[in-house]
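Asker: Here you go, one structure.
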Amino acid sequence: MSIHRCKVLDLPKISDPRGNLTFIEGGSHIPFDIRRVYYLYDVPGGAERGGHAHKDLSQLIIAMSGSFDAVLDDGREKKRVHLNRSYNGIYVCPMIWRELDNFSSGAVCLVLASNLYDEADYYRDYDEFLHAQGIGG
């Protein structure tokens with residue numbers, strides 16, 4: 001897969017003096033149906049999350065509060081995306097290595113996933129990931 005398929009998606013934002021509202025509909029605002037939702041919070045300063053790729057899973061990663069960076073890598077190119085708005089997120093397609101870092105204090109990272117958790121879907125070793133991409137030894 002190419003890193004160029006990973007895009008920042010703008011989500012609907014309904015502005016109101018009482019506060020804004022954003023909603024996400026699977027298959028409409030994002031290119032997959034939502035099967036799992038999880039979130040990261042209380043990430044210590046300097047810590048990194050991620051450090052893996054998925055064989056079949058698609059994700060949308062959103063900074064619900066605060067900010068962090070998503071570093072995406074297809075084995076040939078890398079892209080760093082700074083996320084700091086709750087009305088957009090980065091779509092990550094399968095076979096993209098991802099790392100999350102540079103978390104601000106109080107950051108909350110929401111992840112919408114196309115599949116239920118399955119350990120067999122993960123590449124946790126970067127060299128194995130590169131081999132699966134047909135790159136390297």
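Residues in the structure tokens are named by chain (A, B, ... in the order shown) and by number from 1 within that chain; ligands are numbered from 1 in the order shown.
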Skip A:Leu57 itself and residues of its chain fewer than 5 positions away, then list as a PyMOL selection string all residues within 12 Å of it, counting only C-alpha atoms.

Answerer: chain A and resi 31-36+52+91-97+111-123

Asker: Got a sec to tell me which of stretch 43-131 of chain A DSSP assigns to strand (DSSP E), as an MDAnalysis selection string?

Answerer: chainID A and resid 49:54 59:65 68:73 78:83 88:92 97:101 108:113 122:123

Asker: Next, dump the selected residues to file, keeping only N, CA and C atoms, as a short mmCIF file (atom, residue, chain, number, x, y, z; two decimals), in the first residue's frame.

Answerer:
data_model
loop_
_atom_site.label_atom_id
_atom_site.label_comp_id
_atom_site.auth_asym_id
_atom_site.auth_seq_id
_atom_site.Cartn_x
_atom_site.Cartn_y
_atom_site.Cartn_z
N ARG A 49 3.38 5.79 21.05
CA ARG A 49 2.41 4.70 20.94
C ARG A 49 2.44 4.21 19.50
N GLY A 50 1.76 3.13 19.25
CA GLY A 50 1.76 2.57 17.90
C GLY A 50 2.96 1.66 17.74
N GLY A 51 3.76 1.94 16.72
CA GLY A 51 4.93 1.10 16.46
C GLY A 51 4.53 -0.24 15.87
N HIS A 52 3.56 -0.21 14.93
CA HIS A 52 3.11 -1.43 14.28
C HIS A 52 2.38 -1.07 12.99
N ALA A 53 2.05 -2.11 12.23
CA ALA A 53 1.22 -1.97 11.03
C ALA A 53 0.14 -3.04 11.10
N HIS A 54 -0.90 -2.85 10.31
CA HIS A 54 -1.98 -3.83 10.22
C HIS A 54 -2.05 -4.39 8.81
N GLN A 59 -8.04 2.53 9.77
CA GLN A 59 -8.30 3.31 10.97
C GLN A 59 -8.47 4.79 10.63
N LEU A 60 -9.20 5.47 11.48
CA LEU A 60 -9.21 6.92 11.49
C LEU A 60 -8.72 7.34 12.87
N ILE A 61 -7.68 8.15 12.92
CA ILE A 61 -7.06 8.59 14.17
C ILE A 61 -7.36 10.08 14.34
N ILE A 62 -7.93 10.43 15.51
CA ILE A 62 -8.38 11.79 15.77
C ILE A 62 -7.82 12.28 17.11
N ALA A 63 -7.37 13.51 17.14
CA ALA A 63 -7.00 14.16 18.41
C ALA A 63 -8.27 14.77 18.99
N MET A 64 -8.88 14.09 19.95
CA MET A 64 -10.13 14.59 20.55
C MET A 64 -9.86 15.78 21.47
N SER A 65 -8.68 15.77 22.08
CA SER A 65 -8.27 16.85 22.97
C SER A 65 -6.76 16.95 22.88
N PHE A 68 -1.06 15.63 19.03
CA PHE A 68 0.01 14.64 18.88
C PHE A 68 0.32 14.52 17.40
N ASP A 69 1.39 13.82 17.09
CA ASP A 69 1.79 13.58 15.71
C ASP A 69 1.57 12.11 15.37
N ALA A 70 1.12 11.88 14.15
CA ALA A 70 1.06 10.53 13.59
C ALA A 70 2.15 10.44 12.53
N VAL A 71 3.05 9.47 12.69
CA VAL A 71 4.12 9.26 11.72
C VAL A 71 3.76 8.00 10.94
N LEU A 72 3.54 8.16 9.63
CA LEU A 72 3.11 7.07 8.76
C LEU A 72 4.25 6.69 7.84
N ASP A 73 4.39 5.39 7.58
CA ASP A 73 5.53 4.87 6.83
C ASP A 73 5.07 3.66 6.02
N LYS A 78 7.93 8.31 4.34
CA LYS A 78 7.36 8.62 5.65
C LYS A 78 6.65 9.95 5.57
N LYS A 79 5.61 10.07 6.38
CA LYS A 79 4.85 11.32 6.44
C LYS A 79 4.49 11.55 7.90
N ARG A 80 4.73 12.78 8.38
CA ARG A 80 4.35 13.18 9.74
C ARG A 80 3.17 14.13 9.64
N VAL A 81 2.11 13.81 10.40
CA VAL A 81 0.90 14.63 10.39
C VAL A 81 0.63 15.08 11.83
N HIS A 82 0.51 16.38 12.02
CA HIS A 82 0.20 16.92 13.34
C HIS A 82 -1.32 16.99 13.47
N LEU A 83 -1.86 16.34 14.49
CA LEU A 83 -3.30 16.33 14.72
C LEU A 83 -3.60 17.17 15.96
N ASN A 88 -11.14 16.76 12.47
CA ASN A 88 -10.47 16.06 11.38
C ASN A 88 -9.59 14.96 11.95
N GLY A 89 -9.24 14.04 11.09
CA GLY A 89 -8.41 12.92 11.52
C GLY A 89 -7.65 12.37 10.34
N ILE A 90 -6.70 11.52 10.62
CA ILE A 90 -5.90 10.91 9.56
C ILE A 90 -6.43 9.50 9.29
N TYR A 91 -6.79 9.26 8.04
CA TYR A 91 -7.19 7.93 7.60
C TYR A 91 -5.91 7.14 7.35
N VAL A 92 -5.80 5.97 7.99
CA VAL A 92 -4.64 5.10 7.82
C VAL A 92 -5.13 3.79 7.21
N TRP A 97 2.91 1.39 8.41
CA TRP A 97 3.49 1.42 9.75
C TRP A 97 3.15 2.76 10.38
N ARG A 98 2.67 2.73 11.63
CA ARG A 98 2.30 3.98 12.27
C ARG A 98 2.89 4.09 13.66
N GLU A 99 3.29 5.31 13.99
CA GLU A 99 3.75 5.65 15.33
C GLU A 99 3.08 6.96 15.73
N LEU A 100 2.74 7.07 16.99
CA LEU A 100 2.16 8.30 17.53
C LEU A 100 3.11 8.85 18.56
N ASP A 101 3.44 10.13 18.45
CA ASP A 101 4.36 10.75 19.41
C ASP A 101 4.04 12.22 19.57
N VAL A 108 -5.99 13.39 24.14
CA VAL A 108 -6.80 12.18 24.02
C VAL A 108 -6.85 11.82 22.53
N CYS A 109 -6.44 10.60 22.23
CA CYS A 109 -6.41 10.09 20.86
C CYS A 109 -7.54 9.08 20.69
N LEU A 110 -8.47 9.36 19.79
CA LEU A 110 -9.57 8.46 19.48
C LEU A 110 -9.24 7.72 18.19
N VAL A 111 -9.46 6.40 18.20
CA VAL A 111 -9.21 5.59 17.00
C VAL A 111 -10.48 4.83 16.64
N LEU A 112 -10.92 5.00 15.40
CA LEU A 112 -12.03 4.23 14.85
C LEU A 112 -11.42 3.17 13.94
N ALA A 113 -11.81 1.91 14.13
CA ALA A 113 -11.19 0.81 13.41
C ALA A 113 -12.22 0.02 12.61
N TYR A 122 -1.59 -7.95 13.06
CA TYR A 122 -0.51 -7.00 13.34
C TYR A 122 0.83 -7.44 12.75
N TYR A 123 1.59 -6.44 12.29
CA TYR A 123 3.04 -6.56 12.12
C TYR A 123 3.63 -5.71 13.24
#

Asker: Restricting the calculation to only C-alpha atoms: of A:Asn84, A:Asn102, A:Arg76, A:Gly66, which residue gets closest to A:Gly136?

Answerer: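 Of A:Asn84, A:Asn102, A:Arg76, A:Gly66, the one nearest A:Gly136 is A:Arg76, counting only C-alpha atoms.
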
Asker: When you look at stretch 21-27 of chain A with a cut-off of 7 Å (counting only C-alpha atoms), what residues show up, excluding the ones that are within fewer than 6 positions of it in the same chain? I need them as a PyMOL selection string.

Answerer: chain A and resi 11-15+33-34+87

Asker: Next, write the just-selected residues to a file, as an mmCIF file, in the first residue's frame, keeping N, CA and C atoms as the atom set.

Answerer:
data_model
loop_
_atom_site.group_PDB
_atom_site.id
_atom_site.type_symbol
_atom_site.label_atom_id
_atom_site.label_comp_id
_atom_site.auth_asym_id
_atom_site.auth_seq_id
_atom_site.Cartn_x
_atom_site.Cartn_y
_atom_site.Cartn_z
ATOM 1 N N LEU A 11 -14.106 16.269 8.967
ATOM 2 C CA LEU A 11 -15.371 15.711 9.421
ATOM 3 C C LEU A 11 -16.407 16.817 9.539
ATOM 4 N N PRO A 12 -17.696 16.471 9.484
ATOM 5 C CA PRO A 12 -18.730 17.496 9.614
ATOM 6 C C PRO A 12 -18.582 18.246 10.939
ATOM 7 N N LYS A 13 -18.753 19.536 10.885
ATOM 8 C CA LYS A 13 -18.679 20.371 12.092
ATOM 9 C C LYS A 13 -19.891 21.279 12.109
ATOM 10 N N ILE A 14 -20.720 21.094 13.116
ATOM 11 C CA ILE A 14 -21.895 21.941 13.281
ATOM 12 C C ILE A 14 -21.565 22.949 14.370
ATOM 13 N N SER A 15 -21.433 24.206 13.958
ATOM 14 C CA SER A 15 -21.069 25.274 14.893
ATOM 15 C C SER A 15 -22.309 25.799 15.599
ATOM 16 N N ASP A 33 -16.722 0.762 7.486
ATOM 17 C CA ASP A 33 -17.688 0.662 8.575
ATOM 18 C C ASP A 33 -16.924 0.527 9.882
ATOM 19 N N ILE A 34 -17.414 1.144 10.919
ATOM 20 C CA ILE A 34 -16.734 1.151 12.220
ATOM 21 C C ILE A 34 -17.105 -0.117 12.988
ATOM 22 N N TYR A 87 -12.258 17.869 14.685
ATOM 23 C CA TYR A 87 -13.119 17.736 13.515
ATOM 24 C C TYR A 87 -12.361 17.273 12.269
#

Asker: I'd like the interatomic distance between atom CA of A:Cys6 and atom CA of A:Asp127, to a tenth of an Å.

Answerer: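 Between atom CA of A:Cys6 and atom CA of A:Asp127 the gap works out to 21.3 Å.
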
Asker: I'd like the interatomic distance between atom CA of A:Val37 and atom CA of A:Gly75, to a tenth of an Å.

Answerer: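 It comes out at 26.7 Å.
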
Asker: What does the distance between atom CA of A:Ala107 and atom CA of A:Leu40 come to in Å, to one decimal place?

Answerer: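 Here the two named atoms are 8.2 Å from each other.
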
Asker: For A:Ser2, which of A:Glu77, A:Tyr39, A:Ser86, A:Glu128 is the closest residue, counting only C-alpha atoms?

Answerer: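 That would be A:Glu77, the residue with the smallest distance to A:Ser2.
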